[in-house]
Structure formats: structure tokens, C-alpha cells
>>> print(open('structure_38.cif').read())   # mmCIF, C-alpha atoms
data_entry
loop_
_atom_site.label_atom_id
_atom_site.label_comp_id
_atom_site.auth_asym_id
_atom_site.auth_seq_id
_atom_site.Cartn_x
_atom_site.Cartn_y
_atom_site.Cartn_z
CA MET U 157 80.39 185.24 131.13
CA GLU U 158 83.62 186.85 129.98
CA PHE U 159 85.50 184.33 132.11
CA ILE U 160 83.66 181.34 130.60
CA LYS U 161 84.19 182.69 127.11
CA ASN U 162 87.90 183.04 127.66
CA HIS U 163 88.32 179.68 129.43
CA TYR U 164 85.60 177.45 127.91
CA GLU U 165 88.08 174.67 127.08
CA LYS U 166 89.08 174.34 130.72
CA VAL U 167 85.47 174.45 131.86
CA LEU U 168 84.51 171.72 129.35
CA LEU U 169 87.43 169.54 130.40
CA SER U 170 86.52 169.95 134.06
CA LEU U 171 82.94 168.87 133.38
CA VAL U 172 84.13 165.76 131.50
CA LEU U 173 86.50 164.83 134.30
CA LEU U 174 83.75 165.29 136.84
CA GLY U 175 81.46 162.98 134.87
CA LEU U 176 84.13 160.31 134.69
CA ALA U 177 84.73 160.57 138.42
CA VAL U 178 81.03 160.09 139.14
CA THR U 179 80.90 157.07 136.79
CA VAL U 180 83.91 155.42 138.45
CA ALA U 181 82.39 156.04 141.87
CA LEU U 182 79.10 154.38 140.87
CA LEU U 183 80.64 151.42 138.99
CA PRO U 184 81.20 149.08 142.02
CA THR U 185 77.63 149.60 143.11
CA LYS U 186 76.31 148.73 139.64
CA VAL U 187 78.51 145.61 139.39
CA GLN U 188 77.36 144.41 142.79
CA SER U 189 73.69 144.84 141.87
CA VAL U 190 74.12 142.92 138.62
CA ASP U 191 75.98 140.11 140.40
CA THR U 192 73.34 139.89 143.08
CA SER U 193 70.60 139.71 140.46
CA ALA U 194 72.42 136.96 138.56
CA GLN U 195 72.96 134.84 141.66
CA GLY U 196 69.61 135.28 143.29
CA GLY U 197 67.22 135.09 140.34
CA PRO U 198 65.92 131.80 138.91
CA GLN U 199 68.16 130.22 136.24
CA LYS U 200 66.47 129.47 132.92
CA PRO U 201 67.66 126.07 131.53
CA LEU U 202 69.31 126.01 128.12
CA THR U 203 67.31 124.51 125.30
CA PRO U 204 68.96 121.19 124.16
CA MET U 205 70.41 121.30 120.66
CA ASP U 206 68.87 119.05 118.04
CA LEU U 207 71.78 116.77 116.96
CA ARG U 208 69.75 114.15 115.13
CA THR U 209 71.02 115.11 111.67
CA ASN U 210 74.63 115.06 112.91
CA GLU U 211 74.19 111.64 114.49
CA ALA U 212 72.60 110.29 111.32
CA ALA U 213 75.54 111.59 109.28
CA LEU U 214 78.02 109.82 111.58
CA THR U 215 76.03 106.60 111.29
CA ASN U 216 76.14 106.80 107.50
CA LEU U 217 79.90 107.38 107.55
CA SER U 218 80.43 104.21 109.61
CA SER U 219 78.61 102.08 107.04
CA LEU U 220 79.85 103.37 103.71
CA PRO U 221 79.20 101.10 100.71
CA GLN U 222 82.17 98.97 99.61
CA VAL U 223 83.77 100.15 96.38
CA VAL U 224 85.13 97.20 94.36
CA PHE U 225 87.89 97.94 91.85
CA SER U 226 88.76 94.31 91.04
CA GLY U 227 86.91 91.37 89.55
CA SER U 228 84.53 92.01 86.68
CA ASN U 229 84.44 95.78 87.17
CA ASN U 230 85.18 96.77 83.58
CA VAL U 231 85.34 100.52 84.31
CA PHE U 232 88.57 100.06 86.24
CA ASN U 233 89.52 96.64 84.81
CA PRO U 234 88.96 96.59 81.06
CA VAL U 235 88.53 93.13 79.57
CA GLN U 236 91.48 91.71 77.63
CA TRP U 237 90.81 89.94 74.35
CA ARG U 238 93.21 87.63 72.52
CA ARG U 239 93.11 85.99 69.13
CA LYS U 240 93.45 82.21 69.02
CA ALA U 241 95.46 80.31 66.44
CA ASP U 242 92.27 79.63 64.47
CA GLY U 243 91.53 83.37 64.29
CA SER U 244 88.69 83.42 66.81
CA LEU U 245 88.65 85.89 69.69
CA TRP U 246 89.09 84.81 73.28
CA LYS U 247 87.80 86.88 76.20
CA ILE U 248 90.16 86.80 79.21
CA ILE U 249 88.08 86.79 82.39
CA SER U 250 90.36 85.24 85.03
CA PRO U 251 93.91 86.60 85.57
CA ASN U 252 95.23 83.02 85.56
CA GLU U 253 93.95 82.28 82.07
CA VAL U 254 97.17 83.76 80.64
CA GLY U 255 100.64 84.47 82.00
CA PRO U 256 102.60 82.38 84.54
CA GLY U 257 99.38 81.50 86.38
CA ALA U 258 98.19 79.60 83.30
CA VAL U 259 101.19 77.23 83.29
CA ARG U 260 100.20 73.66 84.20
CA ILE U 261 102.13 70.70 85.62
CA THR U 262 101.01 67.84 83.38
CA LYS U 263 102.08 64.92 85.59
CA THR U 264 103.61 64.22 88.98
CA ASN U 265 107.12 65.67 89.26
CA SER U 266 109.84 63.02 88.90
CA PRO U 267 112.48 62.72 91.65
CA LEU U 268 116.22 63.14 91.01
CA TYR U 269 118.57 61.21 93.24
CA PHE U 270 121.97 61.58 94.86
CA SER U 271 123.50 58.17 95.60
CA LEU U 272 126.73 56.61 96.86
CA SER U 273 127.60 52.97 96.28
CA PHE U 274 130.49 50.75 97.40
CA ASP U 275 132.00 49.52 94.13
CA GLY U 276 135.46 48.10 94.87
CA VAL U 277 138.77 48.02 96.78
CA ASN U 278 142.19 49.27 95.69
CA LEU U 279 144.05 49.58 98.97
CA PRO U 280 144.54 51.88 100.66
CA ASN U 281 141.60 53.34 98.77
CA TYR U 282 138.03 52.24 98.36
CA GLN U 283 136.00 52.95 95.24
CA ILE U 284 132.71 54.80 95.76
CA GLY U 285 130.28 55.37 92.91
CA VAL U 286 128.79 58.89 93.04
CA THR U 287 125.57 59.64 91.13
CA GLN U 288 124.27 63.23 90.96
CA GLU U 289 121.15 63.38 88.85
CA THR U 290 120.74 67.10 89.67
CA ASN U 291 124.13 68.06 88.20
CA LYS U 292 123.83 70.97 85.76
CA ASN U 293 126.32 69.20 83.50
CA ALA U 294 124.37 66.45 81.76
CA ASN U 295 127.60 64.46 81.25
CA LEU U 296 128.10 64.21 85.03
CA ARG U 297 124.62 62.99 85.96
CA GLY U 298 125.52 59.30 85.68
CA LYS U 299 127.66 57.34 88.10
CA VAL U 300 131.23 58.62 88.50
CA ALA U 301 133.97 56.69 90.33
CA ARG U 302 135.57 58.44 93.32
CA TYR U 303 138.26 57.04 95.66
CA GLY U 304 138.98 57.60 99.33
CA ALA U 305 140.96 56.05 102.16
CA LEU U 306 139.82 55.59 105.76
CA ASN U 307 139.23 59.01 107.46
CA GLU U 308 140.12 60.84 104.25
CA LYS U 309 137.62 63.60 103.42
CA THR U 310 136.63 63.93 99.76
CA GLU U 311 134.21 66.28 98.01
CA TYR U 312 131.23 63.98 98.57
CA PHE U 313 132.05 61.66 101.48
CA LYS U 314 134.44 60.59 104.21
CA ILE U 315 134.96 56.91 105.12
CA THR U 316 134.75 56.76 108.91
CA LYS U 317 134.58 53.00 109.49
CA ILE U 318 135.27 49.72 107.70
CA VAL U 319 132.91 46.87 108.50
CA GLY U 320 134.60 43.47 108.11
CA ALA U 321 138.03 42.73 106.61
CA VAL U 322 140.05 45.73 105.45
CA GLU U 323 140.89 44.11 102.12
CA ALA U 324 137.31 42.92 101.51
CA PRO U 325 134.83 44.90 103.67
CA ASP U 326 131.24 43.86 104.06
CA ALA U 327 130.29 47.54 104.17
CA LEU U 328 131.63 51.04 104.66
CA VAL U 329 130.32 53.72 107.03
CA LEU U 330 130.36 57.10 105.30
CA GLU U 331 129.95 60.66 106.47
CA VAL U 332 128.00 62.26 103.62
CA GLY U 333 129.06 65.72 102.43
CA ASP U 334 128.90 68.76 104.67
CA LEU U 335 125.74 67.44 106.37
CA LYS U 336 127.89 64.83 108.16
CA GLU U 337 125.03 62.36 107.84
CA GLN U 338 126.11 58.81 108.65
CA ALA U 339 125.32 56.21 105.99
CA THR U 340 126.27 52.55 105.73
CA VAL U 341 126.81 51.34 102.16
CA SER U 342 127.55 47.92 100.74
CA LYS U 343 127.73 46.48 97.26
CA GLU U 344 124.09 45.40 97.63
CA LYS U 345 122.77 48.49 99.43
CA PRO U 346 123.77 51.97 98.21
CA TYR U 347 122.99 55.26 99.94
CA LYS U 348 120.22 57.07 98.02
CA VAL U 349 118.27 60.30 98.70
CA ILE U 350 116.03 62.59 96.67
CA ALA U 351 118.01 65.70 95.74
CA GLY U 352 115.52 67.40 93.41
CA TYR U 353 112.81 66.93 90.79
CA THR U 354 112.08 67.37 87.12
CA SER U 355 108.71 68.60 85.89
CA ASP U 356 106.65 68.29 82.71
CA LEU U 357 104.89 71.59 82.03
CA ALA U 358 102.46 73.06 79.53
CA TYR U 359 101.12 76.49 78.57
CA PRO U 360 97.67 75.91 76.99
CA PRO U 361 97.10 79.48 75.66
CA GLN U 362 99.89 78.94 73.12
CA ASN U 363 99.84 75.13 72.98
CA LEU U 364 103.37 74.93 74.40
CA ALA U 365 104.77 71.96 76.30
CA TRP U 366 108.09 71.24 78.01
CA ARG U 367 109.42 67.91 79.32
CA GLU U 368 111.77 67.15 82.21
CA LYS U 369 112.45 70.77 83.13
CA ARG U 370 114.83 71.38 86.02
CA VAL U 371 115.68 74.20 88.42
CA GLY U 372 117.54 76.83 86.40
CA ASP U 373 115.72 76.07 83.14
CA SER U 374 113.66 78.78 81.41
CA LEU U 375 110.17 78.83 79.91
CA VAL U 376 109.44 81.40 77.19
CA PHE U 377 105.81 82.31 76.50
CA ASP U 378 103.81 85.47 75.79
CA GLY U 379 107.05 87.25 74.91
CA ASP U 380 108.51 86.84 78.42
CA THR U 381 111.09 84.54 79.99
CA ASN U 382 110.19 82.76 83.22
CA ASN U 383 112.95 80.96 85.12
CA ILE U 384 112.32 77.87 87.22
CA VAL U 385 113.70 78.68 90.67
CA GLU U 386 112.28 75.78 92.68
CA ILE U 387 110.70 72.37 92.11
CA THR U 388 109.19 70.23 94.87
CA ALA U 389 107.18 67.03 94.71
CA ASN U 390 103.96 68.91 93.82
CA GLU U 391 104.96 72.48 92.94
CA VAL U 392 107.01 74.57 90.53
CA VAL U 393 108.02 78.16 91.30
CA LEU U 394 108.53 80.51 88.34
CA SER U 395 110.26 83.89 88.39
CA ALA U 396 109.33 86.32 85.59
CA SER U 397 111.71 88.90 84.13
CA SER U 398 110.06 91.47 86.43
CA GLY U 399 111.08 89.40 89.46
CA LYS U 400 107.51 88.40 90.30
CA ARG U 401 107.24 84.80 91.47
CA THR U 402 104.37 82.44 90.73
CA THR U 403 103.82 79.06 92.38
CA ILE U 404 102.27 76.40 90.14
CA LYS U 405 100.65 73.48 91.97
CA TYR U 406 100.04 70.05 90.50
CA ASN U 407 96.38 69.12 90.28
CA ALA U 408 95.77 65.50 89.37
CA ALA U 409 92.97 64.88 86.91
CA PRO U 410 89.73 63.89 88.69
#
>>> encode(input="structure_38.cif", output="C-alpha cells")
Amino acid sequence: MEFIKNHYEKVLLSLVLLGLAVTVALLPTKVQSVDTSAQGGPQKPLTPMDLRTNEAALTNLSSLPQVVFSGSNNVFNPVQWRRKADGSLWKIISPNEVGPGAVRITKTNSPLYFSLSFDGVNLPNYQIGVTQETNKNANLRGKVARYGALNEKTEYFKITKIVGAVEAPDALVLEVGDLKEQATVSKEKPYKVIAGYTSDLAYPPQNLAWREKRVGDSLVFDGDTNNIVEITANEVVLSASSGKRTTIKYNAAP
């Protein structure tokens, strides 16, 4: 007993070590028995999970209701009211009731012509009448006399051939401008093409009207300036100060 009392720590440590040794020795046997039981015994099937609520949620997500922020939705698009000249109020429902979309073409756009005519002889030159109805300078929209000799290039034409006598041609063959289009002109038959259009326009919300407007002209309404940037046979394109473009189409009265 005296020995154990004096060396109890060593005895206790020895017992612990012995227990660990026994445990390690038995561990492979225990693992093997568990593995054998797992492999040889009947396997119990897993219970299927109930996913019906999840599937229903996915179905609802694929068919969400459409949220409309345009049109007559007054929560997100408050109605605009305006006062007419007679003092009555006017409810704006359509976006094209005011602004550039409310501009109207009041009649079919009128064509503007570029023409060349054979007007005389002053050898070695030939007189060609040039008419530019689209010219920005109103003083130059009528016929202006221009002269050119055979194969001499001018600003508007080049005479490439003389038909008939040199001193009194029946006609002249011209190369027109940079397009190099061939045109035969005589005193009875000038060369004539549409080079642009003018348009008569109106803005009903303010009872405004404009006649014979051309590309480059401006329309002022609702406190904004809209420039005409293009005119075709049936359309006018406006550009607002913001840069936004609006195409106005001609609609003939039924």
C-alpha cells in the first residue's frame, strides 16, 4: 500500500494507457461487425419528400400578373389638364393630343423642283436655265442663267454632247451635277426632277397654322421649338429642342 500511495500517479496513468490499448485492439472488430450489419441487413427505403407546395410556388412564379404602368393608370401616370382659350378645362388622355404628335399636315405636301432648260447659244457657250426651288435663299429659287461650253464642268451640269448644228443645236446632252445622270434637254423639253417638298401644317391645341414650310424651318408651340428636318411626299419629321424626333404622317380626310 505504501508503494501505491507513493506512486499513485504512475499507477493511474498505467491503467489509462492499458484501457486505451484494449480499446484500440477491439476497434477493428467493432468496425467490421457494424459494416457487416449494414451490408447484410434489409435496407429501409427513404420516405419521399412532399414537394407539392414548392412546385405550386414555382408554377405561380411562371405566371405572374402583368403590371401595367402606362395607359390610363393614373397612379403612375397622372392625368394632365389644360385650359382652353375659352377658359374651359381639357383633359389630356392620349399622348398625341398635345406636343409634336398633335401637329397635323393639312393637305398633300407640294413638290419642289430642280430643272435645267436649254435657253440659248452664245458660242462657244450655251445658255442653261437653272431652277432650284429648294434653295434656302428665296431670291435664287427662280430660274437663273448659267453658261457652259462643250465638256466644261459647271456647278450644276456638264455639256457632254451637242445634238444637231453647233451654232443652233436641236438639243444638248447634259451630265447633271455630281450624280452624273445623263439628261437630254431642248428648248421644248427641260430636265425636271422633284428635289423636295413644302408642307402646310397646323397645331390644333393652340389654333396655330403654318403654310409652305420647308426643311430647316421651325415651328414654335407649347413653349418649345421644333425644327423640320425632313419632308417627303406624305410625311414631315420634326426634331424638338431635346433632340427627340417625331414623324407626322398625312391622313387625307375620309
>>> residues_around(input="structure_38.cif", residues="Lys309 of chain U", least_positions_apart="6", cutoff="10 Å", atoms="only C-alpha atoms", output="VMD selection string")
chain U and resid 315 to 316 330 to 333
>>> write_last_selection(input="structure_38.cif", atoms="C-alpha atoms", output="PDB file, keeping the file's coordinate frame")
ATOM      1  CA  ILE U 315     134.960  56.910 105.120  1.00  0.00           C
ATOM      2  CA  THR U 316     134.750  56.760 108.910  1.00  0.00           C
ATOM      3  CA  LEU U 330     130.360  57.100 105.300  1.00  0.00           C
ATOM      4  CA  GLU U 331     129.950  60.660 106.470  1.00  0.00           C
ATOM      5  CA  VAL U 332     128.000  62.260 103.620  1.00  0.00           C
ATOM      6  CA  GLY U 333     129.060  65.720 102.430  1.00  0.00           C
TER       7      GLY U 333
END
>>> residues_around(input="structure_38.cif", residues="Asn407 of chain U", least_positions_apart="2", cutoff="12 Å", atoms="only C-alpha atoms", output="PDB file with C-alpha atoms, in the frame of the given file")
ATOM      1  CA  VAL U 259     101.190  77.230  83.290  1.00  0.00           C
ATOM      2  CA  ARG U 260     100.200  73.660  84.200  1.00  0.00           C
ATOM      3  CA  ILE U 261     102.130  70.700  85.620  1.00  0.00           C
ATOM      4  CA  THR U 262     101.010  67.840  83.380  1.00  0.00           C
ATOM      5  CA  LYS U 263     102.080  64.920  85.590  1.00  0.00           C
ATOM      6  CA  THR U 264     103.610  64.220  88.980  1.00  0.00           C
ATOM      7  CA  ASN U 265     107.120  65.670  89.260  1.00  0.00           C
ATOM      8  CA  ALA U 389     107.180  67.030  94.710  1.00  0.00           C
ATOM      9  CA  ASN U 390     103.960  68.910  93.820  1.00  0.00           C
ATOM     10  CA  GLU U 391     104.960  72.480  92.940  1.00  0.00           C
ATOM     11  CA  VAL U 392     107.010  74.570  90.530  1.00  0.00           C
ATOM     12  CA  ILE U 404     102.270  76.400  90.140  1.00  0.00           C
ATOM     13  CA  LYS U 405     100.650  73.480  91.970  1.00  0.00           C
ATOM     14  CA  ALA U 409      92.970  64.880  86.910  1.00  0.00           C
ATOM     15  CA  PRO U 410      89.730  63.890  88.690  1.00  0.00           C
TER      16      PRO U 410
END
>>> resolve_selection(input="structure_38.cif", expression="the PyMOL selection byres ((chain U and resi 286) around 6)", output="list in words")
Ser271, Leu272, Gly285, Thr287, Lys299 and Val300 of chain U
>>> closest_residue(input="structure_38.cif", among="U:Leu214, U:Ala358, U:Ala351, U:Val376", to="Thr388 of chain U", atoms="only C-alpha atoms")
U:Ala351
>>> resolve_selection(input="structure_38.cif", expression="the PyMOL selection byres ((chain U and resi 362) around 10)", output="ChimeraX atom specification")
/U:240-241,254,358-361,363-365,377-378
>>> closest_residue(input="structure_38.cif", among="U:Ser273, U:Asn278, U:Thr402, U:Thr381", to="Ala339 of chain U", atoms="all atoms listed in the file")
U:Ser273
>>> atom_distance(input="structure_38.cif", atom1="atom CA of Leu328 of chain U", atom2="atom CA of Tyr269 of chain U")
20.1 Å
>>> resolve_selection(input="structure_38.cif", expression="the PyMOL selection byres ((chain U and resi 350) around 7)", output="VMD selection string")
chain U and resid 267 to 270 349 351 to 352
>>> closest_residue(input="structure_38.cif", among="U:Gly298, U:Tyr347, U:Thr290, U:Pro325", to="Arg370 of chain U", atoms="only C-alpha atoms")
U:Thr290
>>> atom_distance(input="structure_38.cif", atom1="atom CA of Ala324 of chain U", atom2="atom CA of Val277 of chain U")
7.1 Å
>>> atom_distance(input="structure_38.cif", atom1="atom CA of Asp326 of chain U", atom2="atom CA of Ile284 of chain U")
13.8 Å
